[in-house]
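S.K.: I am attaching a structure below and will ask some questions about it afterwards.
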Amino acid sequence: MLQVLTATEKQPVKQQTKKLFRTKEVMKAPTSYTDRLVENIRQTCRFDWMMIEQVEFGEDLVHYVLVGPKGVFLIQLNRTPAPVHLTNRECRTETSMGWKHIYPHPVTELERMTKQVRARLKKECGQAIPVYSFLIFPETEQLKLKRVKANCGDSFTLVDQVISKTTLETLTEPLVKQIAYYCSERQIHK
């Protein structure tokens, strides 16, 4: 079973429903990005997997770290609601004044962060750990990708597809637990 370590406590949301002659208040659990991600990867990541939310590696904050037998998967969210055009060389977002360039480039930052996490885990575990990274734009109206080498997308189904395609299971259970413990020590609680 996929284990999830969340950084924040979920508060139920009051919602009014209208019936024929009366209004009724109903408490519903809020849907978050964590829930949406877990829903997408639940079938693929069944047993020895752990997901840690809000992990800080040095100066970088990783939104989700997924640790399992196939490796470590870093999931970074970009909550830009405007349309985004992303290539290997530039990243632009549409504003009311036209297209605006985003600096530093999100893919460059993701690659730098992935290398840093790879180096830290190699130092901690004493061996090379496969680390994969994702850049997800869940709130964007339109995402246009051209010649991007990184794993980028607008939904969490991309994460499930890449995990399914990864065939090597190089990490043993004690190593998965060691990495998960290392990440959980660096989790930021809100």
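The way I read the labels, and the way they are meant: chains A, B, ... in the order of the structure tokens, residue 1 as the first residue of every chain, and ligand 1 as the first ligand shown, with later ones counted on from there.
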List as a list in words the protein and nucleic acid residues near stretch 82-90 of chain A, meaning an atom at most 7 Å away when only C-alpha atoms are counted, but skip any in the same chain fewer than 6 places from it.
M.R.: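 Near stretch 82-90 of chain A, the qualifying residues are His105, Thr140, Glu141, Gln142, Leu143, Lys144, Leu145, Lys146, Arg147 and Val148 of chain A.
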S.K.: Report as a PyMOL selection string: the residues of chain A with a DSSP assignment of alpha helix (DSSP H), based on the backbone of this structure.
M.R.: chain A and resi 33-41+106-125+157-165+173-185
S.K.: Enumerate as a PyMOL selection string all residues of chain A assigned to strand (DSSP E) by DSSP on the backbone, naming them with the chain letters and numbers the document uses.
M.R.: chain A and resi 3-5+13-18+23-28+50-57+60-68+71-77+84-87+91-95+98-101+131-136+143-146+151-153
S.K.: Using only C-alpha atoms, determine which residues lie at most 12 Å from A:Lys115, disregarding the query and same-chain residues fewer than 2 positions distant; provide the list as a PyMOL selection string.
M.R.: chain A and resi 57+60+74+108-113+117-122+128-133
S.K.: Env of A:Val62: 9 Å cut, atoms = only C-alpha atoms, seq-sep filter 3 positions within chain, self excluded. Answer as a ChimeraX atom specification.
M.R.: /A:53-57,65,74-77,113
S.K.: So that I can check the surroundings of stretch 174-181 of chain A, please list as JSON, numbers by chain every protein, DNA and RNA residue that reaches within 9 Å of it, counting only C-alpha atoms and ignoring chain neighbours fewer than 6 positions away.
M.R.: {"A": [48, 49, 50, 51, 52, 65, 66, 67, 68, 69, 71, 72, 121, 124, 125]}
S.K.: Just checking: using only C-alpha atoms, which residue out of A:Lys123, A:Glu173, A:Cys91, A:Lys165 ends up closest to A:Tyr103?
M.R.: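 Distance minimum relative to A:Tyr103 lands on A:Cys91.
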S.K.: Can you list, as a PDB file with C-alpha atoms, in the first residue's frame, every protein, DNA or RNA residue that comes within 8 Å of stretch 158-162 of chain A when you count only C-alpha atoms, leaving out same-chain residues fewer than 2 positions away?
M.R.:
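For reference, around.pdb as written:
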ATOM      1  CA  ASN A  40      -3.363   8.655 -10.299  1.00  0.00           C
ATOM      2  CA  ILE A  41      -0.516   6.534  -8.936  1.00  0.00           C
ATOM      3  CA  THR A  44       1.050   1.508 -10.062  1.00  0.00           C
ATOM      4  CA  PHE A 134       8.705  16.030 -12.977  1.00  0.00           C
ATOM      5  CA  ASN A 151       9.158  15.318 -17.822  1.00  0.00           C
ATOM      6  CA  CYS A 152       6.641  18.173 -18.023  1.00  0.00           C
ATOM      7  CA  GLY A 153       2.868  18.087 -18.178  1.00  0.00           C
ATOM      8  CA  SER A 155      -1.695  16.562 -15.046  1.00  0.00           C
ATOM      9  CA  PHE A 156      -0.453  13.874 -12.686  1.00  0.00           C
ATOM     10  CA  SER A 164       4.873   2.298 -15.327  1.00  0.00           C
ATOM     11  CA  LYS A 165       7.505   2.484 -18.088  1.00  0.00           C
ATOM     12  CA  THR A 166      10.420   2.248 -15.639  1.00  0.00           C
TER      13      THR A 166
END
S.K.: Expressed in Å to a single decimal, how great is the separation between atom CA of A:Phe47 and atom CA of A:Tyr64?
M.R.: 18.0 Å
S.K.: Figure out the distance between atom CA of A:Gln127 and atom CA of A:Val38, please, to one decimal in Å.
M.R.: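 For atom CA of A:Val38 relative to atom CA of A:Gln127, the distance reads 28.6 Å.
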